[in-house]
Amino acid sequence: MNITSENTFETAIVASLLESGGYIAGDASEFSAELGMFKAEVLQFLQTTQAKQWDRLSAIHGEDISNRIIARLYKEMDLRGALDVIRNGFVDYGVRFKMAFFKPESGLNPDTLAMYEQNQLKVTRQVYYSKKNKNSVDLVLSLNGLPVATLELKNRFTGQNITHAKRQYATSRDHRELLFAFKKRALVHFAVDDEEVYMATRIDGDRTYWLPFNKGHNNGAGNPPNPAGYRSDYLWRDILAKDSWLEIIGRFIHLQVEEFEFEGYTRKKEKLIFPRFHQLDAVRKITHHAQTNGAGHNYLVQHSAGSGKSNSIAWLSYRLSGLHNDANQRIFDSVIVVTDRRVLDSQLQNTIYQFEHKSGVVQRIDKDSQQLADAIEGGANIIITTLQKFPFVIDKVGGLANRRYAVIIDEAHSSQGGEASKKMKQVLGDNATSVQEPYPKYGEGDGEEVMDSQDMVSDYIEQIDQSAAARGRQANLSFFAFTATPKYKTLAVFGYKDVEGKPQPFHLYSMRQAIEEGFILDVLQHYTTYQLYFKLCKAIEDDPKINRKKAAQAIGRFVSLHPHNLAQKTEIIIEHFRQVVAAKIGGRAKAMLVTGSRLHAKRYFEEFKRYIKLKGYGQHIKILVAFSGKVVDDNFPEGVTEPQLTGFGEKELPQKFADDEYKILIVADKYQTGFDQPLLHTMYVDKPLSGVKAVQTLSRLNRTAPGKEDTFILDFVNERQTILDSFQPYYELTTVTDEPEPNHLYDLKAKLDGQQIYLMSEVDVLARVYFDPTTQMTPRTQAQLYSYIDPAVDRYKAIDSEDSQDEFKKSLRTWTNLYAFMAQIMPFREPEFEKFYAYAKLLLTKLPKRDLAESMKLSDEVALEYYRLEKIKEGSIDLITGEDGELDGLTEAGIKCTKDEKIALSEIIDVLNERFGTEFEEADRLFFEQIETELMQDATLKVQARVNKLDTFKYAFEELFIDKLIERMDQNQEIFEKILEDQSFGGLVKELMMKKIYGRLNERDS
C-alpha cells in the first residue's frame, strides 16, 4: 500500500473509529440509493430493540411488514426530516418506533442506559449513492441504518487539500440525490484533509456554505501541530466517537426555521445548525467543570463577533438545566438567562422544544418582578428575563440558599437609546444594592446626559461586575457571562486567574480567529488618521510619477483643506465617499460618520445636505442622522428630534438605512454597538474613542457581505497608537502597519516585473475581458480569465528555489495590499495599476498554497462578479491605446462611456427602474439571473410549461418562485424585502419573470 495515498488516510480514520470510536464496519453494497438508507440494518435494529412493537405491527401487516415499515419510515423522513425522526421516532398504525436511544442526563434509570448501548454506529467506505452514475463518497457514518454524515477526504501528500474536497462536493455531489438532500438523510457533510476540517449542512453546488470546524491555533485559524499524527485527527478521535457523536445529534444539531408571508402564502427558510468547534468546546468544557465542581463558580466566555453566541447560549442553557452530578442530583434548580434580545428568546424556545419536544421548558418574563419571583420560586427549568431586572434576580436568588442557580448573562443589547436608556438607569439606580458609581456624561457639547446602547451595555456589565463583586461569590450561584470585549473589571469578577495571577476568560474565540476564518473583516487593515491621509495626499500631489492631468487637481483640493470646521470636513467626507467608497461592494457600499455630540450630529446633517445640494449630488447620495432626545440650537430654540430631521421614526431608521438610496448615516452616541449592517464599508470618526468603545464602534464595519473585500476608516481625532492599544487585548493580532510610501508601489512593481513571471501582454488581454462592462461573467468567462493566469503559474512553478517563489508571492501580496490601501486615499485611478491589481488578485488565488493562513479568495463566480463590478464602478479602463502609448485615464465619476454607450442591464431591471423609479444596477442583475437560471433548470416547471397555457402555468410558477426568492434572500435583502412588502412591485417582478421563463422553456421545445 502506498503510505502517502488518500486510501491510506481513509484507512487510518476507519481504523481509529473501529478500534476506539465505538463503530463497526459497514458494507457499502447494503446501501440503497433509492431509499437513502441501509435497509437491512434498519429492520434489524427495530426487530432487535423493539420486539414487542414489531410483533404488534406484524399482526397487522403480516409478511409484508418489512416493506410497509420501510415505506412508512421513508415517508416520515421525507415529511419531517431525518433529525426529527432520529430524535422522536415514527408511528405506524398507532405503534411507535424509536430510531435511536440517547444517553439520559442521570443514571437513575439503568434500562435507559441499556437501550443506549444498543445503538449501532457504522462507518462505511466508498458508498455508491446514485442510480444515475457510479460516483461514490469516501465515508458514510450511519446510526441504526440511517446515514447521518458523509466525509470527503484529501491528503496533501497527493497534491490535494481541503479546497479540493469542498470543490468535489460542489461539482459532483448532487443535492437531489437522497444522501445529499437537505435534512432528508445525512445531517452534515465534512470536507477533511490531514490539517483542516470544514463542514456544511446543505449541499447546493457553488452555493454550499462551508464552515471551518477547526480548533484554532495561537488564537488564529487552523489547527495546532499534533506530535502524535494528523492535525485533524481530533475529528475522528474525539468528535465522532460514539458518546460525543450521539450527544451532538441528540442535544446540539438544531433546525432553524424563519417564516415569511407573501400574498397570502407562508414560506419557510430553514437552516440546519451544526455547532462550530469553539461552540461545542465551550459548552462541553463549561458543563464538565460545573458537573465536577457544582454551583458557586463564575465563567467568562469571550467569543468574538461571528461566533454564534445565541446558539451557544441556547445549547448551554439546555445542558445546564439537565445537568446531574455523580450522585444523580441536579446541579442547578433553574437556569436564568439575562438578556434583552427577543431573537434569543424565540431561539431558545424553538431550539429546546426540538430537544425536549415539550412546551413550557422556557419561561419568558415579560410582565413584572412578581412574575419573575414566581418563576424562580416555582423552579422553572429555564427563565429568560431582561437586563433591567438583573438586580432583582440577584436579590431573589441570593436569598434562596437552599437552591442553586445558573445565571447566564448575554451582553448583546438591541435597544438604541432614548426612553429605554432612561428607564434602565432608573432601574439600576433604584434597585442595585451595590454602591453605584456615577454614570459617565455623554453628549459633550450639548449639555445633556445621553447614553446609547453601547454605553448601556458597558454600564450593564459594569453594574453587574459591581453587584457581583460587592456580594462576593455565593455557593448557590454560578455566573456565565458572554462578551466579545470584556473590561478588566469583567475579567476580574468573572474570569479565572492563571499561574501568574492574571484574570483570563474561561473560553476564548478571538477576534483574530474570527477574521482568519472569514466570519468578520479586519477593520484595522485600512485604518487612517487624518494626519496620515493629509500626508499621503500631499505626497501624491508632489510625486511627478503620479501627478497627471486631473489627478493633481482632485488631490490638490483635499490638500488645501485642513479640517478645522465642519464645512471643510464635510467636503472631504462627501468627496471621498463619491470618488472612492460609492463604487465598493458593487456600488452598494454605505458609510457612517461618528460625531462627538448630538449638536455636532445635527450640524453635520445640515452641512451635508447643503453641500450635496450645492454640488447636485442629491440623486446619488442621501443621508440620515441618529441621536436621542432633543437638540437645542440657534434655529431650533425649542429643540429638534431625530424623527423631525429625517422624517422617520427612530425604530424605522435602521430599515431605511438598509435601503439602497441612503448611503451615509451620521450618529451621536447611537448605533455604535449591536448595529448590524453588512454593507457598511467606511467610517469617518470625529469623536475621541478609546478602549472598549473604540473596539465596539469601529467593529460596526466588520460584517461580511457578498463582494465586500475590505473596509476603510478615516479618523479626524484619534491617534493610531490609541486605537491599536484599544484593540490589542481582544484582537490577538497587530495590523495597524507603518505609514505607507506611495513610491513603493512603483519600486515594488518594477521588482516584480523584473522576475518575468508574468507578461504585460497577458495582463492586457485579461483586462480587456475583465473591464469590459458588456462582458457577461459566466462560468465560461471565469474559466477564460483563469486561462490568462495559467502561463504565469507555470513559470512560477518552474522556479527552482522555494525561497525565490516565496519572495515573489510575498512581494505580489504586499503590492496588492498596498495598492488596495492607497486606492482608498487617491480620488483617481492609475490605469496601469488597476489592470495589474485585477490580474495580481486572480494570480494569487492560483499560486500553490503552502501557508495554512493563505485563503482562497474570489474563487467562485458570485464573489468574482461583485468584485469585478466594483472595479468597473471605481473606473473602467478605456483599452484603446492613445497616441502617447499609454492607456487613457478614468473619468472622475467612475465608468467611462461614450455618449451612445450604455451598460446593458437585464430586461427586468430596466422595467422596474422605469416603472418604480428604483435605482437597481448591474450588481442587482445577478440576483434575478440566478433565480431565473434555477427556475429554468427545474424539471417539474419544464413539464408544466410544456403542457399548460400561461394562465394555468402561473400556479406552478408562483410557488416555486417564492421558494427560490426566500432561498436567496441573504444575497439581496433590498430586492427581497421590496418584493415582499410592495404588492404592486412584487406582482410585476413575478409577472415579468413568469412570462420570460414560460417563453424560454417553450422556445427550447419548439
# chains A, B, ... in the order shown; residues from 1 in each chain; ligands from 1

$ select_by_dssp --residues "stretch 666-788 of chain A" --states "strand (DSSP E or B)" --output "list in words"
Ile666, Val667, Leu680, His681, Thr682, Met683, Tyr684, Val685, Asp686, Arg703, Phe712, Ile713, Leu714 and Asp715 of chain A

$ residues_around --residues "A:Arg173" --least-positions-apart "2" --cutoff "10 Å" --atoms "only C-alpha atoms" --output "number ranges by chain"
A: 129-130, 135-137, 167-171, 175-177, 179-181, 203-205

$ write_last_selection --atoms "N, CA and C atoms" --output "PDB file, in the first residue's frame"
ATOM      1  N   TYR A 129     -23.919   6.185  -4.110  1.00  0.00           N
ATOM      2  CA  TYR A 129     -25.150   6.787  -3.616  1.00  0.00           C
ATOM      3  C   TYR A 129     -26.189   7.081  -4.699  1.00  0.00           C
ATOM      4  N   SER A 130     -25.874   6.745  -5.957  1.00  0.00           N
ATOM      5  CA  SER A 130     -26.764   7.146  -7.046  1.00  0.00           C
ATOM      6  C   SER A 130     -27.038   5.996  -7.994  1.00  0.00           C
ATOM      7  N   ASN A 135     -20.612   7.379  -9.053  1.00  0.00           N
ATOM      8  CA  ASN A 135     -19.873   8.178  -8.082  1.00  0.00           C
ATOM      9  C   ASN A 135     -20.042   7.595  -6.681  1.00  0.00           C
ATOM     10  N   SER A 136     -18.982   7.659  -5.918  1.00  0.00           N
ATOM     11  CA  SER A 136     -19.060   7.199  -4.526  1.00  0.00           C
ATOM     12  C   SER A 136     -18.521   8.292  -3.622  1.00  0.00           C
ATOM     13  N   VAL A 137     -18.974   8.285  -2.387  1.00  0.00           N
ATOM     14  CA  VAL A 137     -18.467   9.206  -1.379  1.00  0.00           C
ATOM     15  C   VAL A 137     -17.522   8.414  -0.474  1.00  0.00           C
ATOM     16  N   ARG A 167     -14.649  21.447  -3.303  1.00  0.00           N
ATOM     17  CA  ARG A 167     -14.999  21.547  -4.714  1.00  0.00           C
ATOM     18  C   ARG A 167     -15.660  20.274  -5.207  1.00  0.00           C
ATOM     19  N   GLN A 168     -15.224  19.126  -4.683  1.00  0.00           N
ATOM     20  CA  GLN A 168     -15.831  17.851  -5.094  1.00  0.00           C
ATOM     21  C   GLN A 168     -17.292  17.789  -4.673  1.00  0.00           C
ATOM     22  N   TYR A 169     -17.582  18.242  -3.465  1.00  0.00           N
ATOM     23  CA  TYR A 169     -18.984  18.302  -3.030  1.00  0.00           C
ATOM     24  C   TYR A 169     -19.789  19.228  -3.947  1.00  0.00           C
ATOM     25  N   ALA A 170     -19.185  20.359  -4.328  1.00  0.00           N
ATOM     26  CA  ALA A 170     -19.911  21.356  -5.119  1.00  0.00           C
ATOM     27  C   ALA A 170     -20.182  20.880  -6.535  1.00  0.00           C
ATOM     28  N   THR A 171     -19.247  20.143  -7.126  1.00  0.00           N
ATOM     29  CA  THR A 171     -19.351  19.819  -8.549  1.00  0.00           C
ATOM     30  C   THR A 171     -19.898  18.434  -8.842  1.00  0.00           C
ATOM     31  N   HIS A 175     -27.408  17.496  -4.907  1.00  0.00           N
ATOM     32  CA  HIS A 175     -28.306  17.605  -3.741  1.00  0.00           C
ATOM     33  C   HIS A 175     -29.664  16.969  -3.989  1.00  0.00           C
ATOM     34  N   ARG A 176     -29.929  16.543  -5.236  1.00  0.00           N
ATOM     35  CA  ARG A 176     -31.189  15.845  -5.494  1.00  0.00           C
ATOM     36  C   ARG A 176     -31.084  14.361  -5.157  1.00  0.00           C
ATOM     37  N   GLU A 177     -29.851  13.870  -4.976  1.00  0.00           N
ATOM     38  CA  GLU A 177     -29.670  12.501  -4.503  1.00  0.00           C
ATOM     39  C   GLU A 177     -30.057  12.452  -3.023  1.00  0.00           C
ATOM     40  N   LEU A 179     -29.030  10.941  -0.389  1.00  0.00           N
ATOM     41  CA  LEU A 179     -27.989  11.032   0.627  1.00  0.00           C
ATOM     42  C   LEU A 179     -27.593  12.475   0.899  1.00  0.00           C
ATOM     43  N   PHE A 180     -27.672  13.342  -0.144  1.00  0.00           N
ATOM     44  CA  PHE A 180     -27.237  14.725  -0.009  1.00  0.00           C
ATOM     45  C   PHE A 180     -28.404  15.713   0.032  1.00  0.00           C
ATOM     46  N   ALA A 181     -29.640  15.223   0.017  1.00  0.00           N
ATOM     47  CA  ALA A 181     -30.806  16.104   0.057  1.00  0.00           C
ATOM     48  C   ALA A 181     -30.895  16.779   1.422  1.00  0.00           C
ATOM     49  N   ILE A 203     -25.819  20.785   0.932  1.00  0.00           N
ATOM     50  CA  ILE A 203     -25.035  20.721  -0.292  1.00  0.00           C
ATOM     51  C   ILE A 203     -25.847  21.353  -1.417  1.00  0.00           C
ATOM     52  N   ASP A 204     -25.271  22.388  -2.050  1.00  0.00           N
ATOM     53  CA  ASP A 204     -26.016  23.123  -3.070  1.00  0.00           C
ATOM     54  C   ASP A 204     -25.054  23.713  -4.088  1.00  0.00           C
ATOM     55  N   GLY A 205     -24.233  22.858  -4.693  1.00  0.00           N
ATOM     56  CA  GLY A 205     -23.311  23.307  -5.720  1.00  0.00           C
ATOM     57  C   GLY A 205     -22.374  24.386  -5.208  1.00  0.00           C
TER      58      GLY A 205
END

$ select_by_dssp --residues "stretch 510-711 of chain A" --states "helix (DSSP H, G or I)" --output "ChimeraX atom specification"
/A:511-516,530-542,550-560,566-579,581-587,598-615,642-646,653-658,691-701

$ atom_distance --atom1 "atom CA of A:Tyr74" --atom2 "atom CA of A:Ile239"
28.2 Å

$ residues_around --residues "A:Tyr611" --least-positions-apart "3" --cutoff "9 Å" --atoms "only C-alpha atoms" --output "list in words"
Ala567, Thr570, Glu571, Ile574, Glu606, Glu607, Phe608, Leu614, Lys615, Gly616 and Tyr617 of chain A

$ write_last_selection --atoms "C-alpha atoms" --output "PDB file, in the first residue's frame"
ATOM      1  CA  ALA A 567     -17.678  72.602   6.263  1.00  0.00           C
ATOM      2  CA  THR A 570     -17.930  67.754   5.061  1.00  0.00           C
ATOM      3  CA  GLU A 571     -16.241  68.334   1.695  1.00  0.00           C
ATOM      4  CA  ILE A 574     -18.569  63.622   0.732  1.00  0.00           C
ATOM      5  CA  GLU A 606     -27.409  70.255   7.845  1.00  0.00           C
ATOM      6  CA  GLU A 607     -23.967  70.875   6.345  1.00  0.00           C
ATOM      7  CA  PHE A 608     -24.049  67.580   4.424  1.00  0.00           C
ATOM      8  CA  LEU A 614     -24.802  72.742  -3.905  1.00  0.00           C
ATOM      9  CA  LYS A 615     -22.950  70.065  -5.868  1.00  0.00           C
ATOM     10  CA  GLY A 616     -26.048  68.440  -7.336  1.00  0.00           C
ATOM     11  CA  TYR A 617     -25.318  65.053  -5.765  1.00  0.00           C
TER      12      TYR A 617
END

$ atom_distance --atom1 "atom CA of A:Asn219" --atom2 "atom CA of A:Leu701"
21.5 Å

$ closest_atom_pairs --of "stretch 508-536 of chain A" --to "stretch 702-707 of chain A" --cutoff "7 Å" --atoms "only C-alpha atoms" --output "tab-separated table"
residue	atom	partner	partner_atom	distance
A:Phe519	CA	A:Thr704	CA	6.8
A:Ile520	CA	A:Asn702	CA	5.1
A:Leu521	CA	A:Asn702	CA	4.5
A:Asp522	CA	A:Asn702	CA	6.4
A:Val523	CA	A:Asn702	CA	5.9

$ write_last_selection --atoms "C-alpha atoms" --output "PDB file, in the first residue's frame"
ATOM      1  CA  PHE A 519     -16.547  35.499   9.668  1.00  0.00           C
ATOM      2  CA  ILE A 520     -15.643  39.135  10.156  1.00  0.00           C
ATOM      3  CA  LEU A 521     -13.359  41.614   8.381  1.00  0.00           C
ATOM      4  CA  ASP A 522     -10.238  43.237   9.794  1.00  0.00           C
ATOM      5  CA  VAL A 523     -11.317  46.844  10.354  1.00  0.00           C
TER       6      VAL A 523
END

$ residues_around --residues "A:Ala221" --least-positions-apart "6" --cutoff "9 Å" --atoms "only C-alpha atoms" --output "PyMOL selection string"
chain A and resi 212+214-215+512-517+852-853

$ residues_around --residues "A:Gly22" --least-positions-apart "4" --cutoff "7 Å" --atoms "only C-alpha atoms" --output "VMD selection string"
chain A and resid 17 to 18 241 to 242

$ write_last_selection --atoms "C-alpha atoms" --output "PDB file, in the first residue's frame"
ATOM      1  CA  LEU A  17     -13.290   4.654  14.579  1.00  0.00           C
ATOM      2  CA  LEU A  18     -13.401   0.838  14.701  1.00  0.00           C
ATOM      3  CA  ALA A 241     -16.536   8.939  18.902  1.00  0.00           C
ATOM      4  CA  LYS A 242     -19.798   7.294  19.990  1.00  0.00           C
TER       5      LYS A 242
END

$ residues_around --residues "A:Ala406" --least-positions-apart "2" --cutoff "9 Å" --atoms "only C-alpha atoms" --output "PyMOL selection string"
chain A and resi 295-296+317+320-321+331-337+404+408+476-480

$ atom_distance --atom1 "atom CA of A:Val192" --atom2 "atom CA of A:His164"
9.7 Å
